[in-house]
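Trainee: Got work.tsv for you, TSV, C-alpha atoms:
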chain	number	residue	atom	x	y	z
A	1	MET	CA	75.73	-10.93	-9.92
A	2	ALA	CA	76.86	-12.32	-13.28
A	3	GLN	CA	78.96	-15.51	-13.16
A	4	MET	CA	82.06	-16.38	-15.11
A	5	PRO	CA	81.90	-19.48	-17.41
A	6	ARG	CA	83.21	-21.84	-14.77
A	7	GLY	CA	81.08	-20.44	-12.00
A	8	GLU	CA	83.73	-18.16	-10.55
A	9	PRO	CA	82.85	-14.66	-9.48
A	10	ARG	CA	83.89	-11.87	-11.77
A	11	SER	CA	86.65	-9.57	-10.72
A	12	ILE	CA	85.93	-6.97	-13.38
A	13	PRO	CA	82.64	-5.24	-14.42
A	14	ASP	CA	80.53	-7.10	-17.05
A	15	PRO	CA	78.04	-4.58	-18.49
A	16	ALA	CA	76.78	-7.05	-21.13
A	17	GLY	CA	75.97	-9.71	-18.48
A	18	ASP	CA	74.09	-7.19	-16.28
A	19	LEU	CA	72.09	-5.99	-19.25
A	20	TYR	CA	71.22	-9.58	-20.16
A	21	ASP	CA	70.02	-10.27	-16.59
A	22	GLU	CA	67.91	-7.12	-16.66
A	23	MET	CA	66.42	-8.05	-20.02
A	24	ILE	CA	65.40	-11.52	-18.73
A	25	ARG	CA	63.82	-9.96	-15.61
A	26	GLN	CA	61.83	-7.49	-17.70
A	27	GLU	CA	60.61	-10.27	-19.98
A	28	GLN	CA	59.41	-12.29	-16.97
A	29	LEU	CA	57.57	-9.28	-15.57
A	30	GLU	CA	56.00	-8.64	-18.96
A	31	ARG	CA	54.82	-12.25	-19.20
A	32	GLN	CA	53.33	-12.11	-15.69
A	33	ARG	CA	51.46	-8.91	-16.55
A	34	ALA	CA	50.08	-10.45	-19.75
A	35	GLU	CA	48.90	-13.57	-17.89
A	36	ALA	CA	47.21	-11.47	-15.18
A	37	ALA	CA	45.47	-9.35	-17.82
A	38	ALA	CA	44.21	-12.47	-19.59
A	39	THR	CA	42.54	-13.84	-16.42
A	40	LYS	CA	41.17	-10.50	-15.09
A	41	PRO	CA	37.72	-9.42	-16.40
A	42	PRO	CA	37.81	-6.33	-18.61
A	43	ALA	CA	37.14	-3.08	-16.74
A	44	SER	CA	33.69	-1.62	-17.35
A	45	PRO	CA	33.53	1.85	-18.96
A	46	VAL	CA	30.48	2.63	-16.78
A	47	GLY	CA	32.15	1.45	-13.60
A	48	HIS	CA	30.58	0.03	-10.46
A	49	PRO	CA	28.67	2.39	-8.19
A	50	GLY	CA	29.90	3.19	-4.69
A	51	PHE	CA	28.16	1.68	-1.65
A	52	ALA	CA	25.84	4.64	-1.02
A	53	GLU	CA	25.11	5.00	-4.74
A	54	SER	CA	24.17	1.31	-4.91
A	55	LEU	CA	21.41	1.94	-2.38
A	56	ILE	CA	19.69	4.50	-4.62
A	57	PRO	CA	16.62	2.77	-6.09
A	58	VAL	CA	16.69	2.12	-9.86
A	59	TRP	CA	19.90	4.15	-10.38
A	60	GLY	CA	22.21	2.09	-8.16
A	61	SER	CA	21.06	-1.33	-9.29
A	62	GLY	CA	20.70	-0.11	-12.90
A	63	ARG	CA	24.29	1.13	-13.04
A	64	GLU	CA	25.52	-2.05	-11.39
A	65	ALA	CA	23.59	-4.12	-13.97
A	66	VAL	CA	25.22	-2.21	-16.86
A	67	ALA	CA	28.69	-2.55	-15.28
A	68	ASP	CA	28.17	-6.29	-14.75
A	69	PHE	CA	26.97	-6.70	-18.32
A	70	GLN	CA	29.98	-4.86	-19.75
A	71	GLU	CA	32.29	-7.09	-17.73
A	72	GLY	CA	30.56	-10.23	-19.00
A	73	ASP	CA	28.96	-11.06	-15.62
A	74	TYR	CA	25.55	-11.84	-17.09
A	75	ALA	CA	24.11	-13.47	-13.95
A	76	GLY	CA	24.99	-10.37	-11.92
A	77	ALA	CA	23.54	-8.15	-14.64
A	78	ALA	CA	20.29	-10.14	-14.61
A	79	LEU	CA	20.01	-9.97	-10.81
A	80	ASN	CA	20.69	-6.25	-10.68
A	81	GLY	CA	18.36	-5.69	-13.63
A	82	ALA	CA	15.61	-7.52	-11.72
A	83	LEU	CA	16.33	-5.34	-8.68
A	84	ALA	CA	16.00	-2.19	-10.80
A	85	ALA	CA	12.73	-3.52	-12.28
A	86	SER	CA	11.38	-4.23	-8.78
A	87	ASP	CA	12.27	-0.65	-7.80
A	88	LEU	CA	10.28	0.61	-10.77
A	89	PHE	CA	7.33	-1.62	-9.84
A	90	LEU	CA	7.45	-0.31	-6.28
A	91	ALA	CA	7.58	3.30	-7.46
A	92	GLY	CA	4.66	2.60	-9.80
A	93	SER	CA	2.61	1.03	-6.98
A	94	ILE	CA	3.28	4.00	-4.71
A	95	ALA	CA	2.39	6.46	-7.49
A	96	LYS	CA	-0.81	4.54	-8.25
A	97	GLY	CA	-1.75	4.44	-4.56
A	98	VAL	CA	-1.13	8.15	-4.11
A	99	GLY	CA	-3.02	8.92	-7.32
A	100	ARG	CA	-6.11	7.14	-6.02
A	101	GLY	CA	-5.82	8.59	-2.53
A	102	ALA	CA	-3.15	7.20	-0.25
A	103	PHE	CA	-5.05	7.83	2.98
A	104	TYR	CA	-8.63	8.10	4.06
A	105	VAL	CA	-9.22	11.51	5.62
A	106	ALA	CA	-12.40	11.80	7.67
A	107	LYS	CA	-14.62	14.73	6.76
A	108	ASN	CA	-16.36	15.34	10.07
A	109	ALA	CA	-15.92	14.76	13.77
A	110	VAL	CA	-18.27	11.88	14.47
A	111	LYS	CA	-17.53	9.49	17.34
A	112	ASN	CA	-15.27	7.19	15.34
A	113	PRO	CA	-14.74	8.65	11.86
A	114	TYR	CA	-12.27	5.88	10.96
A	115	ASP	CA	-14.61	3.00	11.83
A	116	TRP	CA	-13.77	0.13	9.47
A	117	ASP	CA	-17.14	-1.22	8.32
A	118	ARG	CA	-19.14	2.00	8.66
A	119	TYR	CA	-16.89	4.58	7.01
A	120	VAL	CA	-13.56	3.31	5.67
A	121	ARG	CA	-14.62	0.07	3.99
A	122	PRO	CA	-17.44	1.72	1.99
A	123	TRP	CA	-14.93	4.43	0.94
A	124	LEU	CA	-12.39	1.80	-0.17
A	125	GLY	CA	-15.03	0.06	-2.24
A	126	LYS	CA	-17.01	2.90	-3.81
A	127	GLU	CA	-14.68	5.88	-3.95
A	128	ARG	CA	-11.25	4.37	-4.13
A	129	GLY	CA	-12.22	1.29	-6.13
A	130	MET	CA	-9.85	-0.90	-4.13
A	131	LEU	CA	-12.43	-3.56	-3.21
A	132	ALA	CA	-14.93	-5.05	-5.65
A	133	PRO	CA	-18.51	-5.65	-4.47
A	134	ARG	CA	-18.58	-8.47	-1.87
A	135	GLN	CA	-14.78	-8.66	-1.88
A	136	HIS	CA	-13.08	-9.12	1.46
A	137	GLY	CA	-10.39	-6.70	2.64
A	138	HIS	CA	-7.80	-8.12	5.01
A	139	HIS	CA	-5.83	-6.05	7.54
A	140	TRP	CA	-2.49	-7.63	6.63
A	141	ALA	CA	0.10	-5.72	8.70
A	142	ILE	CA	-1.86	-4.47	11.71
A	143	PRO	CA	-4.78	-6.82	12.43
A	144	GLN	CA	-8.18	-5.41	13.26
A	145	ASN	CA	-8.42	-7.77	16.23
A	146	GLY	CA	-5.88	-9.17	18.73
A	147	TRP	CA	-2.96	-6.82	19.35
A	148	GLY	CA	-4.24	-4.56	16.57
A	149	LYS	CA	-7.12	-3.45	18.81
A	150	ASN	CA	-4.64	-1.20	20.60
A	151	VAL	CA	-3.69	0.58	17.37
A	152	PRO	CA	-5.85	3.62	16.51
A	153	ASP	CA	-8.28	3.11	13.63
A	154	TRP	CA	-6.90	6.09	11.72
A	155	ILE	CA	-3.60	4.22	11.38
A	156	LYS	CA	-4.75	0.66	10.69
A	157	ASN	CA	-7.90	1.36	8.65
A	158	GLN	CA	-6.03	2.80	5.70
A	159	PRO	CA	-5.41	1.51	2.17
A	160	TRP	CA	-1.78	0.55	2.89
A	161	ASN	CA	-2.96	-1.97	5.50
A	162	ILE	CA	-5.69	-3.55	3.41
A	163	LYS	CA	-5.10	-6.50	1.09
A	164	PRO	CA	-8.04	-7.41	-1.17
A	165	MET	CA	-8.83	-11.11	-0.78
A	166	PRO	CA	-9.90	-13.52	-3.52
A	167	SER	CA	-12.53	-15.11	-1.23
A	168	ALA	CA	-13.86	-15.29	2.31
A	169	GLU	CA	-12.25	-18.72	2.65
A	170	VAL	CA	-8.76	-17.43	1.85
A	171	HIS	CA	-9.33	-14.53	4.24
A	172	GLY	CA	-10.44	-16.86	7.02
A	173	ARG	CA	-7.64	-19.38	6.57
A	174	LEU	CA	-5.02	-16.67	6.98
A	175	THR	CA	-5.72	-16.42	10.71
A	176	ASN	CA	-7.72	-19.50	11.65
A	177	PRO	CA	-9.33	-22.75	10.41
A	178	TYR	CA	-12.30	-21.85	8.22
A	179	LYS	CA	-15.40	-24.04	7.86
A	180	GLY	CA	-13.55	-27.31	8.28
A	181	LYS	CA	-10.48	-26.28	6.30
A	182	PRO	CA	-7.14	-25.85	8.11
A	183	GLN	CA	-5.33	-22.58	8.69
A	184	PHE	CA	-2.69	-21.74	6.07
A	185	ASN	CA	0.94	-22.50	6.89
A	186	ALA	CA	3.52	-19.70	7.18
A	187	VAL	CA	4.45	-19.75	3.48
A	188	GLU	CA	0.81	-19.70	2.33
A	189	ARG	CA	0.08	-16.90	4.79
A	190	TYR	CA	2.93	-14.88	3.29
A	191	VAL	CA	1.85	-15.60	-0.30
A	192	TYR	CA	-1.88	-14.89	0.20
A	193	GLY	CA	-1.73	-12.48	3.09
A	194	THR	CA	0.71	-9.78	1.98
A	195	PRO	CA	0.33	-7.35	-0.91
A	196	THR	CA	2.63	-7.64	-3.93
A	197	TRP	CA	4.18	-4.24	-3.22
A	198	SER	CA	5.14	-5.44	0.26
A	199	LYS	CA	6.80	-8.58	-1.13
A	200	VAL	CA	8.68	-6.53	-3.74
A	201	GLY	CA	9.62	-3.99	-1.06
A	202	THR	CA	11.03	-6.73	1.16
A	203	GLY	CA	13.05	-8.03	-1.79
A	204	ALA	CA	14.37	-4.55	-2.47
A	205	ALA	CA	15.20	-3.96	1.20
A	206	VAL	CA	17.28	-7.14	1.28
A	207	GLY	CA	18.55	-6.94	-2.31
A	208	HIS	CA	19.91	-3.38	-2.27
A	209	PRO	CA	22.41	-3.78	0.60
A	210	ALA	CA	23.45	-7.19	-0.76
A	211	ALA	CA	23.94	-5.72	-4.25
A	212	ALA	CA	25.78	-2.75	-2.75
A	213	GLY	CA	28.20	-5.09	-0.96
A	214	ASN	CA	28.70	-7.10	-4.13
A	215	ALA	CA	29.36	-3.90	-6.10
A	216	GLN	CA	32.16	-3.02	-3.67
A	217	VAL	CA	33.75	-6.44	-4.20
A	218	ASP	CA	33.51	-6.00	-7.99
A	219	LYS	CA	35.00	-2.52	-7.70
A	220	ARG	CA	38.05	-3.68	-5.74
A	221	ARG	CA	38.79	-6.51	-8.20
B	1	MET	CA	-27.62	6.03	3.11
B	2	THR	CA	-25.82	8.56	5.25
B	3	TRP	CA	-26.39	11.01	8.08
B	4	PHE	CA	-25.29	14.54	8.87
B	5	LEU	CA	-23.74	15.58	12.15
B	6	ASP	CA	-24.52	19.31	11.90
B	7	PRO	CA	-25.35	22.06	9.36
B	8	GLU	CA	-21.66	22.33	8.40
B	9	ASP	CA	-21.55	18.62	7.61
B	10	PHE	CA	-24.74	18.94	5.56
B	11	SER	CA	-23.57	21.94	3.57
B	12	THR	CA	-20.26	20.35	2.52
B	13	CYS	CA	-19.37	17.24	0.56
B	14	THR	CA	-16.28	15.57	-0.88
B	15	SER	CA	-15.15	16.04	-4.47
B	16	TRP	CA	-16.07	12.42	-5.22
B	17	GLU	CA	-19.64	12.89	-3.89
B	18	LEU	CA	-19.94	16.03	-5.97
B	19	LYS	CA	-18.60	14.41	-9.12
B	20	HIS	CA	-20.87	11.38	-8.80
B	21	GLY	CA	-24.00	13.34	-7.82
B	22	GLU	CA	-24.40	11.50	-4.52
B	23	ARG	CA	-26.60	14.24	-3.06
B	24	LEU	CA	-28.81	14.66	-6.10
B	25	GLY	CA	-32.22	13.07	-5.51
B	26	MET	CA	-31.37	12.26	-1.89
B	27	VAL	CA	-34.34	12.08	0.49
B	28	LEU	CA	-33.69	13.88	3.79
B	29	ALA	CA	-35.56	13.18	7.02
B	30	ASP	CA	-35.27	15.14	10.25
B	31	SER	CA	-36.07	14.04	13.77
B	32	GLY	CA	-39.39	15.87	13.61
B	33	GLY	CA	-40.61	13.74	10.72
B	34	ARG	CA	-40.32	16.35	7.98
B	35	CYS	CA	-38.81	15.29	4.69
B	36	TRP	CA	-37.16	16.96	1.70
B	37	LYS	CA	-35.74	15.90	-1.62
B	38	VAL	CA	-32.53	17.37	-3.07
B	39	LEU	CA	-33.32	18.74	-6.52
B	40	ALA	CA	-30.05	20.47	-7.36
B	41	VAL	CA	-26.52	20.81	-5.99
B	42	ILE	CA	-24.38	23.86	-6.71
B	43	ASP	CA	-20.65	23.76	-6.05
B	44	LEU	CA	-19.45	26.84	-4.17
B	45	GLY	CA	-15.79	25.83	-4.16
B	46	VAL	CA	-13.26	24.11	-1.95
B	47	VAL	CA	-13.22	24.96	1.76
B	48	ARG	CA	-11.06	24.26	4.84
B	49	PRO	CA	-7.72	25.83	5.90
B	50	PHE	CA	-4.92	26.00	3.32
B	51	TRP	CA	-2.80	23.06	4.52
B	52	GLU	CA	-5.84	20.82	4.94
B	53	ARG	CA	-6.96	21.78	1.45
B	54	ALA	CA	-3.52	20.98	0.06
B	55	PHE	CA	-3.41	17.62	1.86
B	56	ARG	CA	-6.94	16.73	0.83
B	57	PHE	CA	-6.16	17.68	-2.76
B	58	LEU	CA	-3.28	15.20	-2.75
B	59	MET	CA	-5.51	12.57	-1.17
B	60	ARG	CA	-8.24	13.35	-3.72
B	61	GLN	CA	-10.74	14.08	-0.95
B	62	SER	CA	-11.25	17.83	-1.22
B	63	VAL	CA	-14.20	19.21	0.71
B	64	HIS	CA	-16.54	21.52	-1.22
B	65	ARG	CA	-19.11	23.96	0.09
B	66	ILE	CA	-22.40	23.24	-1.66
B	67	ASP	CA	-25.73	24.96	-2.06
B	68	GLN	CA	-28.61	22.49	-2.26
B	69	ARG	CA	-32.04	23.22	-3.67
B	70	LEU	CA	-34.61	21.27	-1.66
B	71	VAL	CA	-38.31	20.63	-2.06
B	72	GLU	CA	-40.40	19.46	0.87
B	73	ILE	CA	-42.13	16.15	0.31
B	74	ASP	CA	-44.64	14.13	2.32
B	75	PRO	CA	-43.41	13.39	5.82
B	76	LEU	CA	-42.15	9.91	6.65
B	77	ALA	CA	-43.12	8.17	9.86
B	78	LEU	CA	-40.23	6.73	11.86
B	79	ASP	CA	-41.32	3.20	10.91
B	80	GLN	CA	-41.12	4.15	7.25
B	81	VAL	CA	-37.64	5.58	7.76
B	82	LYS	CA	-36.61	2.39	9.52
B	83	GLU	CA	-37.95	0.23	6.69
B	84	ARG	CA	-36.09	2.32	4.14
B	85	ALA	CA	-32.93	1.95	6.23
B	86	CYS	CA	-33.40	-1.82	6.40
B	87	ALA	CA	-33.93	-2.01	2.63
B	88	SER	CA	-30.77	0.01	2.10
B	89	ILE	CA	-28.79	-2.31	4.40
B	90	GLN	CA	-29.99	-5.34	2.47
B	91	ALA	CA	-29.26	-3.73	-0.89
B	92	ASN	CA	-25.78	-2.48	0.06
B	93	PRO	CA	-24.18	-5.18	2.22
B	94	ASP	CA	-20.68	-3.88	1.47
B	95	ASP	CA	-21.45	-0.71	3.41
B	96	TRP	CA	-22.13	-2.59	6.64
B	97	ARG	CA	-20.13	-5.78	6.59
B	98	ASP	CA	-17.29	-6.67	8.96
B	99	ASP	CA	-15.03	-8.86	6.81
B	100	GLU	CA	-12.92	-10.03	9.73
B	101	ALA	CA	-15.98	-11.28	11.62
B	102	ILE	CA	-17.11	-13.26	8.55
B	103	ALA	CA	-13.58	-14.66	8.19
B	104	GLY	CA	-13.62	-15.73	11.85
B	105	GLU	CA	-10.60	-13.71	12.91
B	106	ASP	CA	-12.04	-13.01	16.36
B	107	GLY	CA	-14.21	-16.04	17.13
B	108	PRO	CA	-16.11	-18.52	14.97
B	109	PRO	CA	-16.80	-17.36	11.37
B	110	ARG	CA	-20.10	-15.52	11.07
B	111	GLU	CA	-22.58	-15.49	8.21
B	112	GLU	CA	-22.95	-12.19	6.39
B	113	GLN	CA	-26.75	-12.36	6.31
B	114	GLU	CA	-26.89	-13.13	10.02
B	115	MET	CA	-24.94	-9.93	10.74
B	116	LEU	CA	-27.10	-7.87	8.38
B	117	ASP	CA	-30.22	-9.27	10.08
B	118	GLU	CA	-28.85	-8.24	13.48
B	119	LEU	CA	-28.24	-4.73	12.23
B	120	GLN	CA	-31.73	-4.51	10.77
B	121	GLU	CA	-33.15	-5.76	14.06
B	122	ALA	CA	-31.27	-3.02	15.91
B	123	VAL	CA	-32.67	-0.46	13.46
B	124	ARG	CA	-36.23	-1.71	14.04
B	125	THR	CA	-35.91	-1.38	17.80
B	126	ALA	CA	-34.93	2.33	17.58
B	127	GLN	CA	-37.54	4.66	19.06
B	128	THR	CA	-36.18	7.90	17.65
B	129	LEU	CA	-34.11	9.06	14.69
B	130	PRO	CA	-30.96	9.63	16.83
B	131	GLN	CA	-31.34	6.09	18.20
B	132	LEU	CA	-31.59	4.83	14.63
B	133	ILE	CA	-28.34	6.63	13.75
B	134	ASN	CA	-26.73	5.19	16.89
B	135	ALA	CA	-27.76	1.68	15.83
B	136	LEU	CA	-26.45	2.14	12.31
B	137	TYR	CA	-23.23	4.06	12.94
B	138	ARG	CA	-22.25	3.15	16.52
B	139	GLU	CA	-22.79	6.73	17.62
B	140	GLU	CA	-23.92	7.99	21.01
B	141	LEU	CA	-26.35	10.70	20.02
B	142	LEU	CA	-28.84	11.87	22.61
B	143	GLY	CA	-32.55	11.79	21.97
When written as structure tokens, how does the structure in this file appear?
Mentor:
Amino acid sequence: MAQMPRGEPRSIPDPAGDLYDEMIRQEQLERQRAEAAATKPPASPVGHPGFAESLIPVWGSGREAVADFQEGDYAGAALNGALAASDLFLAGSIAKGVGRGAFYVAKNAVKNPYDWDRYVRPWLGKERGMLAPRQHGHHWAIPQNGWGKNVPDWIKNQPWNIKPMPSAEVHGRLTNPYKGKPQFNAVERYVYGTPTWSKVGTGAAVGHPAAAGNAQVDKRR
Amino acid sequence: MTWFLDPEDFSTCTSWELKHGERLGMVLADSGGRCWKVLAVIDLGVVRPFWERAFRFLMRQSVHRIDQRLVEIDPLALDQVKERACASIQANPDDWRDDEAIAGEDGPPREEQEMLDELQEAVRTAQTLPQLINALYREELLG
């Protein structure tokens, strides 16, 4: 309520005083809005993808990268761009693998048509061109020995489970000491013992949900 | 070096074998000692049921029916066949090698040549052609 000059309450209406109060209130609101707009990042014309959309390879992370870039979040754009690039690499690896023959399919019904060193390994070397002459192939996900002995050969003796090795020594040190040299530690085993597509795939499997969560936070802002 | 399970196996080959002329010039030996040489291979087209054909096409391992022109050559004694098999093992170690055994995944690391020598020794002890195939390919053929 408007006050009289000496602080006494008014006994009659004062339209000019009420209007003045209203004008001051509007100005304060206006100032607050302007300050909020100055601190808030500009909205992206592309917009952030939804959670499910973020999980779509290439598209989700690509759209999130563009949205981040338009909002000036360059670190986020770089991370999402890298995620989109890894998706493309993964798709390329899968396409290349399928193009060369994704699985070995036995031609006849011999006793063990998926025997590693009699049928599948020669096929991987000669026909599929996956292993160079004298190059070792390592069963990286399902081992040929140990618990892997219980897995049928037609599952484990396939290109997806074989990692070409740079040398017999590297192959040996993945699972045991080799000719006086110690077994690799866990990090070395991961670096040398898993294919690139698997490492990229793991990154994508972790990165996509994380990026999707981050996109939701950006969207709500 | 390869072996054929039955006439169907012999009269078919994969698209890769066909493209790279794997059968051309091949010397064939039967358990009776007779031998032939493959002079020509004629592709008679892709075989197998539709879905298998489709799957094999995607896997780039189509199976083709082939007609082979053979000429009989001088017979080979079993010892000669065994020696040829041993020479092939030595010349193509990648076709016989167990990488994991060399790497020592299941016991102490083994030498490649030692394993090839063992295989050749098993070939030399075979008394018949089926036994030779059993030694080479871990089969259980009778005879």
Trainee: Find the residue from A:Glu127, A:Asp218, A:Glu188, A:Asp153 that sits nearest to chain B; use only C-alpha atoms when measuring.
Mentor: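 Of the candidates, the smallest distance to chain B is held by A:Glu127.
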Trainee: Kindly provide, as a PyMOL selection string, the residues of chain A having any atom no farther than 8 Å from an atom of chain B, counting only C-alpha atoms.
Mentor: chain A and resi 98-105+107-108+110-112+116-119+121-122+125+127+133-134+136-138+144-146+168-169+171-173+175-176+178-179
Trainee: For Ser11 of chain B, which residue out of B:Ile66, B:Val47, B:Leu116, B:Leu28 is the nearest one, using all atoms listed in the file?
Mentor: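 Closest to Ser11 of chain B of all the choices is B:Ile66.
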Trainee: Looking at A:Pro159, A:Pro209, A:Gly60, A:Gly17, which one is nearest to Gly47 of chain A, with distances taken over all atoms listed in the file?
Mentor: A:Gly60
Trainee: Between B:Ala29, B:Cys35, B:Leu24, B:Leu119, which one has atoms that come closest to Asp67 of chain B, using all atoms listed in the file?
Mentor: B:Leu24
Trainee: Tell me which protein, DNA and RNA residues are within 7 Å of Gly143 of chain B, counting all atoms listed in the file, leaving out same-chain ones fewer than 4 positions away, and put them as a ChimeraX atom specification.
Mentor: /B:128,130-131
Trainee: Write out as a ChimeraX atom specification the residues lying within 8 Å of Ala135 of chain B, counting all atoms listed in the file and excluding same-chain residues fewer than 6 positions away.
Mentor: /B:119,122-123,126
Trainee: Can you measure atom CA of Ile155 of chain A to atom CA of Leu90 of chain A for me? One decimal in Å is fine.
Mentor: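 One can read the atom CA of Ile155 of chain A to atom CA of Leu90 of chain A distance as 21.3 Å.
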Trainee: Between B:His64, B:Arg69, B:Arg53, B:Lys19, which one has atoms that come closest to Val38 of chain B, using all atoms listed in the file?
Mentor: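 Of the candidates, the smallest distance to Val38 of chain B is held by B:Arg69.
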Trainee: Could you tell me which of B:Met115, B:Val27, B:Leu129, B:Ala40 comes closest to Ile89 of chain B if we count all atoms listed in the file?
Mentor: B:Met115
Trainee: I'd like the box whose edges run along x, y and z of the file and which contains every listed atom of segment 115-126 of chain B, padded by 3 Å per side; could you state its centre and edge lengths in Å, one decimal, as AutoDock Vina command-line options?
Mentor:
--center_x -30.6 --center_y -3.8 --center_z 13.1 --size_x 17.3 --size_y 18.3 --size_z 15.4
Trainee: Please complete segment 68-81 of chain B with N, CA and C atoms and give it back as a PDB file, keeping the file's coordinate frame.
Mentor:
ATOM      1  N   GLN B  68     -27.668  23.523  -1.804  1.00  0.00           N
ATOM      2  CA  GLN B  68     -28.610  22.490  -2.260  1.00  0.00           C
ATOM      3  C   GLN B  68     -30.024  23.054  -2.373  1.00  0.00           C
ATOM      4  N   ARG B  69     -30.638  22.804  -3.477  1.00  0.00           N
ATOM      5  CA  ARG B  69     -32.040  23.220  -3.670  1.00  0.00           C
ATOM      6  C   ARG B  69     -32.925  22.052  -3.229  1.00  0.00           C
ATOM      7  N   LEU B  70     -33.770  22.338  -2.222  1.00  0.00           N
ATOM      8  CA  LEU B  70     -34.610  21.270  -1.660  1.00  0.00           C
ATOM      9  C   LEU B  70     -36.080  21.544  -1.945  1.00  0.00           C
ATOM     10  N   VAL B  71     -36.861  20.495  -1.999  1.00  0.00           N
ATOM     11  CA  VAL B  71     -38.310  20.630  -2.060  1.00  0.00           C
ATOM     12  C   VAL B  71     -38.880  19.719  -0.979  1.00  0.00           C
ATOM     13  N   GLU B  72     -39.822  20.269  -0.215  1.00  0.00           N
ATOM     14  CA  GLU B  72     -40.400  19.460   0.870  1.00  0.00           C
ATOM     15  C   GLU B  72     -41.346  18.427   0.294  1.00  0.00           C
ATOM     16  N   ILE B  73     -41.253  17.236   0.769  1.00  0.00           N
ATOM     17  CA  ILE B  73     -42.130  16.150   0.310  1.00  0.00           C
ATOM     18  C   ILE B  73     -42.935  15.632   1.491  1.00  0.00           C
ATOM     19  N   ASP B  74     -43.797  14.668   1.239  1.00  0.00           N
ATOM     20  CA  ASP B  74     -44.640  14.130   2.320  1.00  0.00           C
ATOM     21  C   ASP B  74     -43.779  13.602   3.463  1.00  0.00           C
ATOM     22  N   PRO B  75     -44.200  13.874   4.687  1.00  0.00           N
ATOM     23  CA  PRO B  75     -43.410  13.390   5.820  1.00  0.00           C
ATOM     24  C   PRO B  75     -43.366  11.858   5.874  1.00  0.00           C
ATOM     25  N   LEU B  76     -42.292  11.365   6.469  1.00  0.00           N
ATOM     26  CA  LEU B  76     -42.150   9.910   6.650  1.00  0.00           C
ATOM     27  C   LEU B  76     -42.254   9.601   8.135  1.00  0.00           C
ATOM     28  N   ALA B  77     -43.045   8.617   8.463  1.00  0.00           N
ATOM     29  CA  ALA B  77     -43.120   8.170   9.860  1.00  0.00           C
ATOM     30  C   ALA B  77     -41.811   7.442  10.183  1.00  0.00           C
ATOM     31  N   LEU B  78     -41.486   7.382  11.469  1.00  0.00           N
ATOM     32  CA  LEU B  78     -40.230   6.730  11.860  1.00  0.00           C
ATOM     33  C   LEU B  78     -40.170   5.286  11.356  1.00  0.00           C
ATOM     34  N   ASP B  79     -41.310   4.589  11.396  1.00  0.00           N
ATOM     35  CA  ASP B  79     -41.320   3.200  10.910  1.00  0.00           C
ATOM     36  C   ASP B  79     -40.975   3.122   9.424  1.00  0.00           C
ATOM     37  N   GLN B  80     -41.447   4.127   8.686  1.00  0.00           N
ATOM     38  CA  GLN B  80     -41.120   4.150   7.250  1.00  0.00           C
ATOM     39  C   GLN B  80     -39.621   4.397   7.038  1.00  0.00           C
ATOM     40  N   VAL B  81     -39.082   5.316   7.856  1.00  0.00           N
ATOM     41  CA  VAL B  81     -37.640   5.580   7.760  1.00  0.00           C
ATOM     42  C   VAL B  81     -36.854   4.310   8.092  1.00  0.00           C
TER      43      VAL B  81
END
